[in-house]
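Here's the structure we're looking at; comments come further down.
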Amino acid sequence: MMKKIITLKTVTHFSSTLTLLLCSTFAMAQSIPLNKLTGQFDEKKDSNYIALDSTILPVNKKGMYLQKEPTEQLIKAYNDFKKSYSNIPFIVVSATRNYTYQNGIWQRKWDALLPKFNNPQKIAEQILKLSSMPGTSRHHWGTDIDITSVSSEYFKNDKQGVILYQWLRENLPKYGFCQPFSEGRKGGYLPEEWHWSYKPIAKQYLAEYKAILDSNPQMIMQNLNFTGYDKITLESLVKEYVLTVNPDCY
Ligand SMILES: [Zn+2]
């Protein structure tokens, strides 16, 4: 009799532990909604986002948004930079871009390349050197920004660009930023000296994106409907371009 009771207790305990474990796994998987991972939302209506033109940060256009925490850290970095280099431009030239916005970029580039290549896979590969497929951009996450110029030439050969890039590499990590598209990766986008990512939040987005790609990639794929999506090696391109980032950003 005694033995039976213990066994029953053990089973009950085991099953409640399992329930807890399953619940917490489920909660973890749900902590960033899928539409936030793929940019299918309106950052302008999200209370966790702030308009950069309402801050002291210089911007090259109105209506760019970023999550609040990266914005606060970026302002600190900007103030720090300006103490040493008041005459060198430090301008946010891109911040959050949602799926609809990214789709506009994709479509424009697709249309421009179509006469030259006339092969969906080749067109996609050309665009992907520097631009993302809608639904796969780190700019969807509200954690990533482009600074001053989107030309490698500027950061390599312009006197001010060289100083800026050296400062960004030495100092932005102190404020939580990493450079996802660094030199020397084996795949993904070409190096982008201008693109910086607020790691404490972006690494959670990346981890969740990766978990879905590893376990149930269709969950992502079924939300992608940009021009050419059904004529390219979609899943392998998504995996390559989302996951091949600087290990510092994981
Ligand atoms: Zn960028």
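Following the order of the structure tokens, chains are lettered A, B, ..., residues in each are numbered from 1, and ligands are numbered from 1.
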
Near-ligand residues for ligand 1, threshold 9 Å, only C-alpha atoms and all ligand atoms, as a PDB file with C-alpha atoms, in the first residue's frame:
ATOM      1  CA  VAL A  93      20.289  57.297 -41.867  1.00  0.00           C
ATOM      2  CA  SER A  94      18.079  54.248 -41.213  1.00  0.00           C
ATOM      3  CA  ALA A  95      16.382  52.702 -38.187  1.00  0.00           C
ATOM      4  CA  LEU A 130      23.172  44.631 -49.490  1.00  0.00           C
ATOM      5  CA  SER A 131      19.396  44.409 -48.986  1.00  0.00           C
ATOM      6  CA  SER A 137      15.801  42.114 -41.986  1.00  0.00           C
ATOM      7  CA  ARG A 138      17.337  43.016 -38.639  1.00  0.00           C
ATOM      8  CA  HIS A 139      15.878  46.467 -39.268  1.00  0.00           C
ATOM      9  CA  ASP A 144      19.369  48.221 -35.588  1.00  0.00           C
ATOM     10  CA  ILE A 145      20.543  51.443 -37.191  1.00  0.00           C
ATOM     11  CA  ASP A 146      22.676  52.630 -40.087  1.00  0.00           C
ATOM     12  CA  ILE A 147      25.061  55.468 -39.294  1.00  0.00           C
ATOM     13  CA  VAL A 150      25.748  53.255 -46.537  1.00  0.00           C
ATOM     14  CA  PHE A 181      27.792  42.388 -40.894  1.00  0.00           C
ATOM     15  CA  GLU A 192      28.418  46.897 -43.642  1.00  0.00           C
ATOM     16  CA  TRP A 194      27.476  51.482 -40.999  1.00  0.00           C
ATOM     17  CA  HIS A 195      25.097  48.895 -39.571  1.00  0.00           C
ATOM     18  CA  TRP A 196      25.032  48.505 -35.765  1.00  0.00           C
ATOM     19  CA  SER A 197      22.771  46.437 -33.600  1.00  0.00           C
TER      20      SER A 197
END

With only C-alpha atoms as the counted atoms, please give the residues lying no more than 9 Å from A:Met133, apart from itself and same-chain residues fewer than 6 positions off, as a count of residues only.
11

Just checking: using only C-alpha atoms, which residue out of A:Ser132, A:Ser152, A:Asn171, A:Glu183 ends up closest to A:Leu237?
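The closest residue to A:Leu237 is A:Ser132.
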
So how far away is atom CA of A:Thr143 from atom CA of A:Asp248, in Å?
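A separation of 15.2 Å between them.
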
According to DSSP computed on the backbone, where in stretch 112-175 of chain A is there alpha helix (DSSP H)? Give the residues as number ranges by chain.
A: 112-117, 120-127, 152-157, 159-171
